[in-house]
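Asker: File entry35.cif follows (mmCIF, C-alpha atoms):
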data_my_file
loop_
_atom_site.label_atom_id
_atom_site.label_comp_id
_atom_site.auth_asym_id
_atom_site.auth_seq_id
_atom_site.Cartn_x
_atom_site.Cartn_y
_atom_site.Cartn_z
CA MET A 233 20.37 8.69 5.59
CA ASN A 234 23.35 10.11 7.48
CA ASN A 235 23.99 12.53 4.61
CA LEU A 236 20.43 13.90 4.60
CA ASP A 237 19.34 16.93 6.56
CA GLU A 238 15.78 17.96 7.43
CA THR A 239 15.41 19.95 4.20
CA ASP A 240 16.46 16.96 2.09
CA LEU A 241 13.89 14.84 3.91
CA LYS A 242 11.19 17.49 3.36
CA ILE A 243 12.02 17.52 -0.36
CA LEU A 244 11.80 13.72 -0.55
CA LYS A 245 8.51 13.61 1.40
CA THR A 246 7.00 16.32 -0.79
CA LEU A 247 8.10 14.71 -4.06
CA GLN A 248 6.82 11.35 -2.88
CA LYS A 249 3.36 12.90 -2.54
CA ASN A 250 3.51 14.77 -5.87
CA ALA A 251 6.48 14.39 -8.21
CA LYS A 252 4.86 16.73 -10.74
CA LEU A 253 5.63 19.84 -8.71
CA THR A 254 7.69 22.47 -10.45
CA THR A 255 10.91 23.55 -8.78
CA LYS A 256 9.18 26.76 -7.74
CA GLU A 257 6.25 24.87 -6.17
CA LEU A 258 8.62 22.48 -4.42
CA ALA A 259 10.67 25.41 -3.10
CA THR A 260 7.52 27.00 -1.66
CA ALA A 261 6.54 23.71 -0.02
CA VAL A 262 9.92 23.36 1.74
CA ASN A 263 10.41 27.09 2.47
CA LEU A 264 13.46 27.68 0.26
CA THR A 265 14.17 29.52 -2.95
CA PRO A 266 14.11 27.57 -6.24
CA THR A 267 17.88 27.48 -6.91
CA PRO A 268 18.94 25.61 -3.75
CA VAL A 269 15.93 23.27 -4.07
CA PHE A 270 16.88 22.49 -7.67
CA GLU A 271 20.48 21.78 -6.63
CA ARG A 272 19.38 19.58 -3.72
CA GLN A 273 16.94 17.65 -5.90
CA LYS A 274 19.64 16.99 -8.52
CA ARG A 275 22.05 15.87 -5.77
CA LEU A 276 19.40 13.50 -4.37
CA GLU A 277 18.94 12.07 -7.88
CA ARG A 278 22.71 11.67 -8.46
CA ARG A 279 23.16 9.91 -5.12
CA GLY A 280 20.32 7.50 -5.86
CA TYR A 281 17.84 8.65 -3.20
CA ILE A 282 15.44 9.44 -6.04
CA LYS A 283 15.44 6.52 -8.46
CA LYS A 284 12.88 7.78 -10.98
CA TYR A 285 9.65 9.68 -11.42
CA VAL A 286 6.50 7.79 -12.43
CA ALA A 287 2.81 8.31 -13.04
CA VAL A 288 0.52 6.05 -11.00
CA LEU A 289 -2.09 4.70 -13.40
CA ASP A 290 -5.56 3.35 -12.68
CA PRO A 291 -5.48 -0.37 -13.54
CA GLU A 292 -9.30 -0.61 -13.66
CA LYS A 293 -9.54 2.05 -16.35
CA LEU A 294 -6.76 0.34 -18.31
CA ASN A 295 -8.47 -3.07 -18.21
CA GLN A 296 -5.91 -4.57 -15.81
CA GLY A 297 -8.14 -4.82 -12.74
CA LEU A 298 -7.24 -8.31 -11.54
CA LEU A 299 -4.35 -8.19 -9.06
CA VAL A 300 -2.73 -11.45 -8.00
CA PHE A 301 0.16 -12.22 -5.68
CA CYS A 302 1.78 -15.38 -6.94
CA LYS A 303 4.14 -17.31 -4.66
CA VAL A 304 6.67 -19.34 -6.63
CA LYS A 305 8.74 -22.29 -5.44
CA LEU A 306 11.54 -23.60 -7.63
CA LYS A 307 12.57 -27.28 -7.74
CA LEU A 308 16.16 -26.37 -7.03
CA ILE A 309 17.82 -23.04 -6.39
CA ASN A 310 21.36 -21.90 -7.06
CA HIS A 311 22.89 -18.79 -8.64
CA GLU A 312 22.50 -20.03 -12.20
CA ILE A 313 18.86 -21.09 -11.78
CA ALA A 314 17.96 -17.92 -9.86
CA ASP A 315 19.59 -15.71 -12.52
CA ALA A 316 17.80 -17.55 -15.33
CA PHE A 317 14.46 -17.30 -13.50
CA THR A 318 14.79 -13.56 -12.81
CA ARG A 319 15.87 -12.83 -16.40
CA ARG A 320 12.80 -14.65 -17.64
CA ILE A 321 10.47 -12.88 -15.19
CA MET A 322 11.87 -9.49 -16.28
CA ARG A 323 10.55 -10.18 -19.79
CA ILE A 324 6.99 -11.00 -18.71
CA PRO A 325 4.86 -7.82 -18.82
CA GLU A 326 2.08 -9.17 -16.56
CA VAL A 327 4.60 -9.38 -13.70
CA THR A 328 4.82 -5.83 -12.33
CA GLU A 329 6.96 -6.67 -9.29
CA CYS A 330 9.13 -9.62 -8.28
CA TYR A 331 10.74 -10.28 -4.90
CA ASN A 332 13.18 -13.01 -3.86
CA THR A 333 11.84 -14.16 -0.48
CA SER A 334 12.70 -16.46 2.40
CA GLY A 335 10.37 -19.08 3.78
CA ALA A 336 8.22 -21.64 2.00
CA TYR A 337 8.50 -19.90 -1.39
CA ASP A 338 11.45 -18.53 -3.33
CA TYR A 339 9.75 -15.62 -5.12
CA LEU A 340 6.71 -13.42 -4.73
CA LEU A 341 5.29 -12.03 -7.97
CA LYS A 342 2.80 -9.20 -8.27
CA VAL A 343 0.77 -9.89 -11.39
CA ARG A 344 -1.76 -7.74 -13.23
CA ALA A 345 -4.31 -9.23 -15.61
CA ARG A 346 -7.53 -8.24 -17.31
CA ASP A 347 -9.51 -11.11 -15.76
CA MET A 348 -9.28 -14.67 -14.47
CA LYS A 349 -9.08 -16.08 -18.00
CA GLN A 350 -6.03 -13.96 -18.84
CA TYR A 351 -4.41 -14.93 -15.52
CA GLN A 352 -5.02 -18.61 -16.30
CA GLU A 353 -3.33 -18.12 -19.69
CA PHE A 354 -0.42 -16.40 -17.93
CA VAL A 355 -0.01 -19.34 -15.53
CA LEU A 356 -0.27 -21.98 -18.25
CA ASN A 357 1.64 -20.28 -21.07
CA LYS A 358 4.27 -18.24 -19.24
CA LEU A 359 4.92 -19.68 -15.79
CA GLY A 360 4.09 -23.18 -16.99
CA GLU A 361 6.96 -23.05 -19.48
CA ILE A 362 9.55 -22.62 -16.72
CA GLU A 363 11.03 -26.08 -16.15
CA GLU A 364 12.57 -25.17 -12.78
CA LEU A 365 9.15 -24.28 -11.36
CA ALA A 366 8.04 -26.69 -8.61
CA SER A 367 4.82 -24.98 -7.47
CA ILE A 368 2.87 -21.76 -7.38
CA GLU A 369 0.23 -20.44 -5.03
CA SER A 370 -2.01 -17.60 -6.17
CA THR A 371 -3.65 -15.09 -3.85
CA PHE A 372 -6.32 -12.94 -5.51
CA VAL A 373 -6.76 -9.40 -4.23
CA MET A 374 -10.41 -8.59 -3.55
CA SER A 375 -9.79 -4.91 -2.74
CA GLU A 376 -6.82 -2.65 -2.17
CA VAL A 377 -7.01 -1.24 1.34
CA LYS A 378 -3.83 0.83 1.45
CA ASN A 379 -1.14 1.74 -1.05
CA ASN A 380 0.75 4.97 -0.49
CA PHE A 381 3.33 4.27 -3.23
CA GLY A 382 6.12 5.45 -0.98
CA ILE A 383 8.27 4.78 2.04
CA ASN A 384 7.90 6.18 5.53
CA LEU A 385 10.49 8.94 6.09
#
Can the structure in the file be given as structure tokens, please?

Answerer:
Amino acid sequence: MNNLDETDLKILKTLQKNAKLTTKELATAVNLTPTPVFERQKRLERRGYIKKYVAVLDPEKLNQGLLVFCKVKLKLINHEIADAFTRRIMRIPEVTECYNTSGAYDYLLKVRARDMKQYQEFVLNKLGEIEELASIESTFVMSEVKNNFGINL
């Protein structure tokens, strides 16, 4: 963040709230003209501060309302096993996020499913096929209290 000034931070904060803004709208929001805002935004993209732009979808309306955090423990862990596990997880569409963690479990998966039956099929047919898997623990989300889809700047 040493390379970012207050204007860069304002641009990032504003885009984090609404990435659909036009350059002109963004310029108005940060009190600059469109050309310097466009150049700053492109620089922030090139330097990796802005990774991508996405639409946040409503999982309920798309029949993916069940949200589960699945803690995964592997029987043994080394670079080869970890790489194989993460490559496999990357190919499973129900897993929307995957984190390598410390503590009692090796990975935390964020999983979306239509319902409990589909989640059961996911556990049996996808996770269950992973030989290195020692155990899983599922935590079912009853309601989402806070999700701002961003980071605190």

Asker: I'd like the interatomic distance between CA of Met374 in chain A and CA of Leu299 in chain A, to a tenth of an Å.

Answerer: 8.2 Å

Asker: Which neighbours of range 245-247 of chain A fall inside 10 Å, counting only C-alpha atoms, when residues of the same chain fewer than 5 positions from it are skipped, and could you give them as number ranges by chain?

Answerer: A: 239-240, 252-253, 258, 261-262, 273, 282, 285, 382-385

Asker: Run the PyMOL selection byres ((chain A and resi 296) around 7) against the file shown and list the residues it catches, as a PyMOL selection string.

Answerer: chain A and resi 291-292+294-295+297-298+344-346

Asker: With all atoms listed in the file as the counted atoms, please give the residues lying no more than 12 Å from Ser334 in chain A, apart from itself and same-chain residues fewer than 3 positions off, as a PyMOL selection string.

Answerer: chain A and resi 303-305+331+337-340

Asker: Can I get the selection written as an mmCIF file, keeping the file's coordinate frame, with C-alpha atoms?

Answerer:
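See part06.cif below for the written result:
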data_model
loop_
_atom_site.group_PDB
_atom_site.id
_atom_site.type_symbol
_atom_site.label_atom_id
_atom_site.label_comp_id
_atom_site.auth_asym_id
_atom_site.auth_seq_id
_atom_site.Cartn_x
_atom_site.Cartn_y
_atom_site.Cartn_z
ATOM 1 C CA LYS A 303 4.140 -17.310 -4.660
ATOM 2 C CA VAL A 304 6.670 -19.340 -6.630
ATOM 3 C CA LYS A 305 8.740 -22.290 -5.440
ATOM 4 C CA TYR A 331 10.740 -10.280 -4.900
ATOM 5 C CA TYR A 337 8.500 -19.900 -1.390
ATOM 6 C CA ASP A 338 11.450 -18.530 -3.330
ATOM 7 C CA TYR A 339 9.750 -15.620 -5.120
ATOM 8 C CA LEU A 340 6.710 -13.420 -4.730
#

Asker: Write out as a tab-separated table (two decimals) with C-alpha atoms, in the frame of the given file which residues come within 8 Å of range 267-270 of chain A when counting only C-alpha atoms, dropping same-chain ones fewer than 3 positions away.

Answerer:
chain	number	residue	atom	x	y	z
A	243	ILE	CA	12.02	17.52	-0.36
A	255	THR	CA	10.91	23.55	-8.78
A	258	LEU	CA	8.62	22.48	-4.42
A	259	ALA	CA	10.67	25.41	-3.10
A	264	LEU	CA	13.46	27.68	0.26
A	273	GLN	CA	16.94	17.65	-5.90
A	274	LYS	CA	19.64	16.99	-8.52

Asker: Just how far from CA of Gly280 in chain A is CA of Leu244 in chain A, in Å to one decimal?

Answerer: 11.8 Å

Asker: Would you work out the distance separating CA of Tyr281 in chain A from CA of Thr254 in chain A, expressed in Å to one decimal?

Answerer: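 These two atoms are separated by 18.6 Å.
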
Asker: So, counting all atoms listed in the file, which residue among A:Ile321, A:Ala336, A:Val377, A:Ile309 is closest to Phe354 in chain A?

Answerer: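 Comparing A:Ile321, A:Ala336, A:Val377, A:Ile309 against Phe354 in chain A, the winner is A:Ile321.
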
Asker: Between A:Leu289, A:Val343, A:Met348, A:Leu276, which residue has the minimum interatomic distance to Asn235 in chain A, considering only C-alpha atoms?

Answerer: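 For Asn235 in chain A, the nearest of the candidates is A:Leu276.
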
Asker: So, with all atoms listed in the file as the atoms that count, which of A:Thr318, A:Phe372, A:Asn357, A:Lys342 lies closest to Leu306 in chain A?

Answerer: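 Once distances to Leu306 in chain A are computed over all atoms listed in the file, the minimum belongs to A:Thr318.
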
Asker: I need range 275-325 of chain A from the structure I supplied, saved as a compact mmCIF listing (two decimals), in the first residue's frame with C-alpha atoms retained.

Answerer:
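Output saved as selection-v2.txt:
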# COMPACT_ATOMS: atom_id res chain seq x y z
CA ARG A 275 -2.52 1.30 -13.24
CA LEU A 276 -4.27 -0.30 -10.24
CA GLU A 277 -5.34 -3.18 -12.50
CA ARG A 278 -1.82 -3.63 -13.97
CA ARG A 279 -0.24 -3.65 -10.51
CA GLY A 280 -2.70 -6.26 -9.26
CA TYR A 281 -4.60 -4.15 -6.72
CA ILE A 282 -7.74 -4.85 -8.75
CA LYS A 283 -7.83 -8.55 -9.59
CA LYS A 284 -11.12 -8.68 -11.50
CA TYR A 285 -14.65 -7.35 -11.70
CA VAL A 286 -17.56 -9.63 -10.81
CA ALA A 287 -21.32 -9.61 -10.43
CA VAL A 288 -22.58 -10.80 -7.04
CA LEU A 289 -25.43 -13.21 -7.73
CA ASP A 290 -28.32 -14.24 -5.50
CA PRO A 291 -27.79 -17.95 -4.69
CA GLU A 292 -31.41 -18.39 -3.53
CA LYS A 293 -32.79 -17.25 -6.88
CA LEU A 294 -30.33 -19.54 -8.67
CA ASN A 295 -31.33 -22.60 -6.63
CA GLN A 296 -28.02 -22.73 -4.72
CA GLY A 297 -29.34 -21.66 -1.32
CA LEU A 298 -27.56 -24.18 0.90
CA LEU A 299 -24.21 -22.80 2.10
CA VAL A 300 -21.82 -25.15 3.89
CA PHE A 301 -18.36 -24.64 5.31
CA CYS A 302 -16.57 -27.95 5.08
CA LYS A 303 -13.41 -28.53 7.12
CA VAL A 304 -11.13 -31.11 5.53
CA LYS A 305 -8.35 -33.10 7.16
CA LEU A 306 -6.00 -35.13 4.99
CA LYS A 307 -4.40 -38.40 6.14
CA LEU A 308 -0.96 -37.11 5.28
CA ILE A 309 0.20 -33.78 3.91
CA ASN A 310 3.19 -32.91 1.79
CA HIS A 311 3.70 -30.79 -1.34
CA GLU A 312 2.66 -33.53 -3.74
CA ILE A 313 -0.51 -34.45 -1.83
CA ALA A 314 -1.45 -30.80 -1.25
CA ASP A 315 -0.96 -29.97 -4.95
CA ALA A 316 -3.03 -32.97 -6.04
CA PHE A 317 -5.80 -32.06 -3.56
CA THR A 318 -5.98 -28.41 -4.65
CA ARG A 319 -5.98 -29.34 -8.36
CA ARG A 320 -8.89 -31.67 -7.72
CA ILE A 321 -10.81 -29.09 -5.66
CA MET A 322 -10.35 -26.50 -8.44
CA ARG A 323 -12.36 -28.77 -10.76
CA ILE A 324 -15.34 -29.17 -8.40
CA PRO A 325 -17.96 -26.49 -9.19
